[in-house]
$ cat data.cif   # mmCIF, C-alpha atoms
data_upload
loop_
_atom_site.label_atom_id
_atom_site.label_comp_id
_atom_site.auth_asym_id
_atom_site.auth_seq_id
_atom_site.Cartn_x
_atom_site.Cartn_y
_atom_site.Cartn_z
CA MET A 1 151.93 48.11 -9.69
CA HIS A 2 151.54 45.65 -6.84
CA SER A 3 151.76 48.50 -4.31
CA HIS A 4 149.08 50.50 -6.15
CA SER A 5 146.80 47.43 -6.30
CA SER A 6 147.25 46.76 -2.57
CA HIS A 7 146.52 50.40 -1.82
CA SER A 8 143.29 50.25 -3.88
CA ILE A 9 142.18 47.05 -2.16
CA LEU A 10 142.93 48.55 1.24
CA LYS A 11 141.00 51.70 0.35
CA ARG A 12 137.98 49.71 -0.85
CA THR A 13 138.16 47.50 2.25
CA SER A 14 138.24 50.58 4.50
CA SER A 15 135.22 52.02 2.71
CA ILE A 16 133.31 48.76 3.10
CA LEU A 17 134.22 48.57 6.80
CA ALA A 18 133.06 52.15 7.28
CA VAL A 19 129.70 51.33 5.69
CA ILE A 20 129.35 48.21 7.87
CA ILE A 21 130.15 50.22 11.01
CA LEU A 22 127.53 52.82 10.08
CA LEU A 23 124.97 50.07 9.47
CA ILE A 24 125.76 48.44 12.80
CA GLN A 25 125.46 51.78 14.59
CA SER A 26 122.16 52.48 12.84
CA CYS A 27 120.74 49.07 13.72
CA THR A 28 121.97 49.33 17.29
CA GLU A 29 120.27 52.69 17.72
CA LYS A 30 117.02 51.27 16.36
CA ILE A 31 117.23 48.23 18.62
CA GLU A 32 117.89 50.35 21.69
CA THR A 33 115.04 52.68 20.84
CA LYS A 34 112.36 50.32 19.59
CA ILE A 35 113.17 46.99 21.19
CA ALA A 36 115.75 46.99 23.99
CA LEU A 37 113.89 44.03 25.42
CA ASP A 38 114.75 40.43 26.05
CA TYR A 39 113.01 37.09 26.16
CA PRO A 40 111.65 36.25 29.62
CA SER A 41 113.51 33.37 31.18
CA GLY A 42 111.65 30.16 31.88
CA ASP A 43 113.18 30.28 35.34
CA GLN A 44 110.58 32.90 36.21
CA ASN A 45 108.16 30.00 36.66
CA SER A 46 108.15 27.39 39.39
CA GLY A 47 109.28 23.84 38.81
CA GLU A 48 105.83 22.28 39.08
CA THR A 49 104.15 20.56 36.20
CA LEU A 50 100.38 20.39 36.28
CA ILE A 51 98.51 17.11 36.27
CA ASN A 52 94.84 16.20 35.93
CA LEU A 53 94.33 19.45 34.03
CA GLN A 54 91.37 19.85 31.70
CA PRO A 55 92.87 21.38 28.53
CA GLY A 56 91.41 24.65 27.41
CA ILE A 57 91.84 28.18 26.15
CA ALA A 58 92.35 31.53 27.87
CA LEU A 59 90.89 34.38 25.84
CA THR A 60 92.49 37.73 26.69
CA PHE A 61 91.58 41.17 25.31
CA ASP A 62 93.64 44.36 25.66
CA ASP A 63 93.07 48.12 25.96
CA ALA A 64 89.69 49.87 26.39
CA TYR A 65 87.26 48.56 23.78
CA TYR A 66 84.42 48.34 26.29
CA ASP A 67 81.56 48.66 23.81
CA GLU A 68 82.81 45.85 21.58
CA TRP A 69 83.54 43.68 24.62
CA ILE A 70 80.07 44.18 26.04
CA GLU A 71 78.57 43.44 22.63
CA MET A 72 80.33 40.08 22.58
CA LEU A 73 79.08 39.04 26.05
CA PRO A 74 76.07 37.14 24.64
CA ILE A 75 78.46 34.98 22.62
CA LEU A 76 80.57 34.21 25.68
CA GLN A 77 77.48 33.48 27.75
CA LYS A 78 76.06 31.17 25.06
CA TYR A 79 79.06 28.88 25.46
CA ASP A 80 79.59 29.48 29.18
CA ALA A 81 82.90 31.12 28.26
CA LYS A 82 84.91 33.60 30.30
CA ALA A 83 87.67 35.99 29.29
CA THR A 84 90.34 38.22 30.82
CA PHE A 85 90.14 41.92 29.92
CA PHE A 86 93.35 43.89 30.40
CA ILE A 87 92.23 47.46 31.00
CA CYS A 88 94.13 50.53 29.82
CA ARG A 89 91.92 53.47 30.76
CA ASN A 90 93.45 56.10 28.47
CA TYR A 91 94.17 53.96 25.38
CA PRO A 92 93.06 54.08 22.65
CA LYS A 93 90.87 56.77 24.24
CA TYR A 94 89.39 57.66 27.61
CA ASP A 95 85.79 56.59 28.17
CA PRO A 96 83.93 58.62 30.83
CA LYS A 97 81.53 55.69 31.32
CA SER A 98 84.32 53.18 31.84
CA LYS A 99 83.34 52.38 35.44
CA GLU A 100 79.89 51.02 34.63
CA LYS A 101 81.17 49.23 31.53
CA ILE A 102 84.00 47.52 33.42
CA LEU A 103 81.52 46.42 36.08
CA THR A 104 79.27 44.97 33.37
CA LEU A 105 82.17 42.82 32.16
CA TYR A 106 83.25 41.88 35.68
CA ASN A 107 79.76 41.03 36.94
CA ALA A 108 79.35 38.68 33.97
CA GLY A 109 82.06 36.53 35.53
CA ASN A 110 85.06 37.75 33.58
CA GLU A 111 88.47 38.74 34.93
CA ILE A 112 89.68 42.34 34.86
CA GLY A 113 93.46 42.78 34.63
CA VAL A 114 95.78 45.78 34.41
CA HIS A 115 97.38 47.05 31.18
CA THR A 116 98.83 50.39 32.46
CA LEU A 117 97.20 53.80 32.44
CA ASN A 118 98.57 55.28 29.20
CA HIS A 119 99.89 52.27 27.25
CA PRO A 120 103.55 53.41 26.99
CA HIS A 121 106.34 51.52 25.24
CA LEU A 122 108.40 50.03 28.06
CA SER A 123 111.71 50.65 26.28
CA ASP A 124 110.89 54.32 25.74
CA TYR A 125 109.56 54.82 29.26
CA LEU A 126 112.63 53.32 30.93
CA LYS A 127 114.95 55.74 29.15
CA ASP A 128 113.92 58.49 31.56
CA HIS A 129 112.19 56.60 34.38
CA THR A 130 112.79 53.74 36.77
CA LEU A 131 110.73 50.58 37.11
CA SER A 132 109.51 51.96 40.42
CA GLU A 133 108.15 55.01 38.60
CA TYR A 134 106.65 52.77 35.92
CA TYR A 135 104.71 50.93 38.61
CA ARG A 136 103.79 54.06 40.57
CA ASN A 137 102.68 56.15 37.58
CA GLU A 138 101.33 53.62 35.09
CA ILE A 139 100.15 50.63 37.10
CA LEU A 140 99.17 51.71 40.60
CA PRO A 141 96.56 54.28 39.41
CA ASP A 142 94.73 51.54 37.51
CA VAL A 143 94.95 49.17 40.48
CA ARG A 144 93.44 51.81 42.79
CA PHE A 145 90.79 52.67 40.20
CA LEU A 146 89.71 49.01 40.03
CA ASN A 147 89.93 48.59 43.80
CA ALA A 148 87.43 51.45 44.17
CA LEU A 149 85.05 49.40 41.98
CA GLY A 150 85.44 46.38 44.25
CA ILE A 151 87.85 44.61 41.88
CA ASN A 152 91.22 43.29 43.02
CA PRO A 153 93.21 42.69 39.81
CA GLY A 154 95.55 39.72 39.93
CA SER A 155 96.94 39.81 36.38
CA PHE A 156 99.04 42.26 34.38
CA ALA A 157 99.94 42.48 30.68
CA PHE A 158 102.71 44.65 29.20
CA PRO A 159 101.58 47.06 26.45
CA TYR A 160 102.81 46.13 22.96
CA GLY A 161 104.01 42.84 24.38
CA GLU A 162 107.21 44.56 25.49
CA GLN A 163 108.96 43.18 28.53
CA ASN A 164 112.36 42.30 29.87
CA THR A 165 113.48 39.98 32.64
CA GLU A 166 114.11 42.77 35.12
CA ALA A 167 110.68 44.35 34.52
CA ILE A 168 108.96 40.97 34.86
CA ARG A 169 110.76 40.28 38.11
CA TYR A 170 109.84 43.69 39.52
CA ILE A 171 106.17 43.69 38.46
CA SER A 172 105.75 40.10 39.67
CA GLN A 173 105.85 41.42 43.23
CA TYR A 174 102.38 42.89 42.72
CA PHE A 175 100.51 40.34 40.57
CA ASN A 176 99.78 36.64 40.48
CA LYS A 177 100.08 36.40 36.69
CA ILE A 178 102.16 38.34 34.16
CA ARG A 179 101.07 37.81 30.55
CA CYS A 180 103.82 38.25 27.98
CA MET A 181 103.61 38.25 24.21
CA TYR A 182 106.60 35.95 23.89
CA GLY A 183 107.33 32.58 25.42
CA ALA A 184 105.35 29.34 25.34
CA PRO A 185 101.65 30.16 24.91
CA ASN A 186 100.60 26.67 26.03
CA ILE A 187 100.61 26.55 29.83
CA LYS A 188 102.06 23.39 31.33
CA THR A 189 103.65 24.61 34.55
CA SER A 190 102.44 26.73 37.41
CA GLY A 191 104.06 30.12 37.71
CA LYS A 192 103.59 33.83 37.26
CA VAL A 193 104.88 34.34 33.73
CA ILE A 194 102.53 33.30 30.95
CA GLY A 195 103.31 33.37 27.24
CA ALA A 196 100.58 34.17 24.71
CA SER A 197 99.77 34.07 21.00
CA LEU A 198 98.62 37.00 18.89
CA ILE A 199 97.19 35.71 15.61
CA TRP A 200 96.64 38.12 12.73
CA SER A 201 94.60 35.81 10.52
CA ARG A 202 91.20 35.56 8.90
CA ASP A 203 91.52 31.79 8.80
CA LEU A 204 89.68 29.99 11.58
CA LYS A 205 91.99 27.01 11.04
CA ASP A 206 94.87 28.95 12.62
CA TYR A 207 92.86 29.20 15.83
CA LYS A 208 91.67 25.60 15.65
CA ASP A 209 95.26 24.41 15.30
CA GLY A 210 96.21 26.16 18.55
CA ILE A 211 93.17 24.75 20.33
CA LEU A 212 93.86 21.20 19.13
CA PHE A 213 97.51 21.46 20.13
CA ALA A 214 96.50 22.48 23.65
CA LYS A 215 94.14 19.53 23.75
CA SER A 216 96.74 17.02 22.58
CA ASP A 217 99.35 18.51 24.93
CA THR A 218 96.94 18.75 27.89
CA GLY A 219 97.59 22.45 28.31
CA ILE A 220 95.93 25.86 28.18
CA TRP A 221 96.38 27.99 25.08
CA VAL A 222 96.56 31.72 25.84
CA VAL A 223 95.31 33.97 23.02
CA VAL A 224 95.62 37.76 22.75
CA GLU A 225 93.03 39.83 20.90
CA HIS A 226 91.90 43.45 21.14
CA LYS A 227 88.34 43.69 19.91
CA PRO A 228 85.93 41.82 17.66
CA VAL A 229 84.56 43.54 14.55
CA HIS A 230 81.58 42.76 12.35
CA GLU A 231 83.54 42.71 9.08
CA PHE A 232 87.18 42.10 8.23
CA THR A 233 89.36 45.15 7.64
CA ASN A 234 93.05 45.53 6.79
CA LYS A 235 93.67 46.16 10.47
CA ASP A 236 91.06 43.98 12.19
CA THR A 237 90.86 40.27 11.41
CA PHE A 238 88.99 39.05 14.51
CA THR A 239 85.23 39.08 13.97
CA PHE A 240 82.22 38.31 16.14
CA ARG A 241 81.52 35.31 13.88
CA MET A 242 85.05 34.06 14.45
CA LEU A 243 84.65 34.40 18.21
CA ASP A 244 81.43 32.39 18.02
CA SER A 245 83.13 29.69 15.96
CA ILE A 246 86.11 29.51 18.32
CA CYS A 247 83.90 29.17 21.39
CA ARG A 248 81.77 26.53 19.70
CA PHE A 249 84.87 24.56 18.68
CA VAL A 250 86.29 24.66 22.23
CA LYS A 251 83.02 23.25 23.57
CA GLU A 252 82.93 20.57 20.86
CA GLN A 253 86.40 19.47 21.96
CA ASN A 254 85.19 19.20 25.56
CA MET A 255 87.72 21.82 26.60
CA ARG A 256 87.45 24.57 29.16
CA PHE A 257 87.61 28.39 29.17
CA TYR A 258 90.04 29.89 31.69
CA CYS A 259 90.64 33.32 33.19
CA LEU A 260 94.34 33.88 33.88
CA ASN A 261 94.10 34.63 37.58
CA GLY A 262 91.99 31.54 38.16
CA ILE A 263 94.20 29.03 36.38
CA ASP A 264 96.11 27.72 39.39
CA SER A 265 92.94 27.00 41.37
CA ALA A 266 91.75 24.80 38.50
CA PHE A 267 94.63 22.37 38.85
CA VAL A 268 93.59 19.14 40.47
CA GLY A 269 97.16 18.23 41.29
CA LYS A 270 100.79 19.20 40.87
CA GLN A 271 103.94 17.18 40.44
CA ARG A 272 107.42 18.46 41.11
CA ILE A 273 109.75 18.55 38.12
CA ARG A 274 113.09 16.91 38.76
CA LYS A 275 115.80 18.96 37.10
CA SER A 276 118.81 17.06 35.88
CA GLY A 277 122.28 18.22 36.79
#
$ encode --input "data.cif" --output "structure tokens"
Amino acid sequence: MHSHSSHSILKRTSSILAVIILLIQSCTEKIETKIALDYPSGDQNSGETLINLQPGIALTFDDAYYDEWIEMLPILQKYDAKATFFICRNYPKYDPKSKEKILTLYNAGNEIGVHTLNHPHLSDYLKDHTLSEYYRNEILPDVRFLNALGINPGSFAFPYGEQNTEAIRYISQYFNKIRCMYGAPNIKTSGKVIGASLIWSRDLKDYKDGILFAKSDTGIWVVVEHKPVHEFTNKDTFTFRMLDSICRFVKEQNMRFYCLNGIDSAFVGKQRIRKSG
């Protein structure tokens, strides 16, 4: 009786272990395929804290929504605001008039950054390619395209917010600023790696909270958006009215608008951080 009971328990335990192993394998496969990324180390940045900095916000927009971006220029100009536009020429679609539209944004005093040519998932791309090929095939064509327009891009943003430490280290050779979707979105130290916030909310308070935190912490809040819309949808929660309200609130708080590549030049002074140990 005792032997039969032990055998049944062992059998059930083996079945449970088999299920757990299958679940672990399934999750591992999904992680390797869809994520396979890690959090960028803070050591990517220098050990200099910024002093005498006017707190502010850095508005960044991704992909190739040129028409919506140009439509929002009057709002930016009304508040003397600037933004950084990370260009991906072929995503979500190719625009044959992209050259003149990019120049319209650039000549209005905004920054143009690089967001790859085809917007690939980094984890998927690196399964069959090297980081050197990622730079040569997805980044360099956009850099040369912008150079031909008289623009020298100094900032880069990974599509889908996907990055890993090795990719950041490699791409940092070619840009002054690397915007990531993870990490501290409130800039307090000088360095190449910049964290950012993506807020999917219809509530203006969520944006105001980030702005007020940057003000109280004497930092720069980096925000990621894609395009403004005229009315809320299930997919789009960032409207032209919201942009206007955000810009007005930043001005009311006596804060400043920053482009990513110009942040370091805005620092009045720097102070070396003393690391313990």
$ atom_distance --input "data.cif" --atom1 "CA of Asp62 (chain A)" --atom2 "CA of Leu204 (chain A)"
20.5 Å
$ atom_distance --input "data.cif" --atom1 "CA of Ser201 (chain A)" --atom2 "CA of Thr233 (chain A)"
11.1 Å
$ residues_around --input "data.cif" --residues "Lys177 (chain A)" --least-positions-apart "2" --cutoff "9 Å" --atoms "only C-alpha atoms" --output "PyMOL selection string"
chain A and resi 154-157+172+175+179+191-194+260-261
$ write_last_selection --input "data.cif" --atoms "C-alpha atoms" --output "compact mmCIF listing (two decimals), in the coordinates of the input"
# COMPACT_ATOMS: atom_id res chain seq x y z
CA GLY A 154 95.55 39.72 39.93
CA SER A 155 96.94 39.81 36.38
CA PHE A 156 99.04 42.26 34.38
CA ALA A 157 99.94 42.48 30.68
CA SER A 172 105.75 40.10 39.67
CA PHE A 175 100.51 40.34 40.57
CA ARG A 179 101.07 37.81 30.55
CA GLY A 191 104.06 30.12 37.71
CA LYS A 192 103.59 33.83 37.26
CA VAL A 193 104.88 34.34 33.73
CA ILE A 194 102.53 33.30 30.95
CA LEU A 260 94.34 33.88 33.88
CA ASN A 261 94.10 34.63 37.58
$ resolve_selection --input "data.cif" --expression "the PyMOL selection byres ((chain A and resi 61) around 9)" --output "ChimeraX atom specification"
/A:59-60,62-65,69,83-87,223-227
$ atom_distance --input "data.cif" --atom1 "CA of Gly56 (chain A)" --atom2 "CA of Asn152 (chain A)"
24.3 Å
$ closest_residue --input "data.cif" --among "A:Leu198, A:Ile211, A:Gly113, A:Asn186" --to "Asn147 (chain A)" --atoms "all atoms listed in the file"
A:Gly113
$ resolve_selection --input "data.cif" --expression "the PyMOL selection byres ((chain A and resi 142) around 9)" --output "PyMOL selection string"
chain A and resi 87-89+114-117+138-141+143-147
$ closest_residue --input "data.cif" --among "A:Gln77, A:Lys251, A:Ala148, A:Arg256" --to "Ile102 (chain A)" --atoms "all atoms listed in the file"
A:Ala148
$ residues_around --input "data.cif" --residues "Gly195 (chain A)" --least-positions-apart "4" --cutoff "9 Å" --atoms "all atoms listed in the file" --output "compact mmCIF listing (two decimals) with C-alpha atoms, keeping the file's coordinate frame"
# COMPACT_ATOMS: atom_id res chain seq x y z
CA ILE A 178 102.16 38.34 34.16
CA ARG A 179 101.07 37.81 30.55
CA CYS A 180 103.82 38.25 27.98
CA MET A 181 103.61 38.25 24.21
CA TYR A 182 106.60 35.95 23.89
CA GLY A 183 107.33 32.58 25.42
CA ALA A 184 105.35 29.34 25.34
CA PRO A 185 101.65 30.16 24.91
CA ASN A 186 100.60 26.67 26.03
CA ILE A 187 100.61 26.55 29.83
CA VAL A 222 96.56 31.72 25.84
$ residues_around --input "data.cif" --residues "Asp217 (chain A)" --least-positions-apart "2" --cutoff "10 Å" --atoms "all atoms listed in the file" --output "number ranges by chain"
A: 55, 186-188, 211-215, 219-221
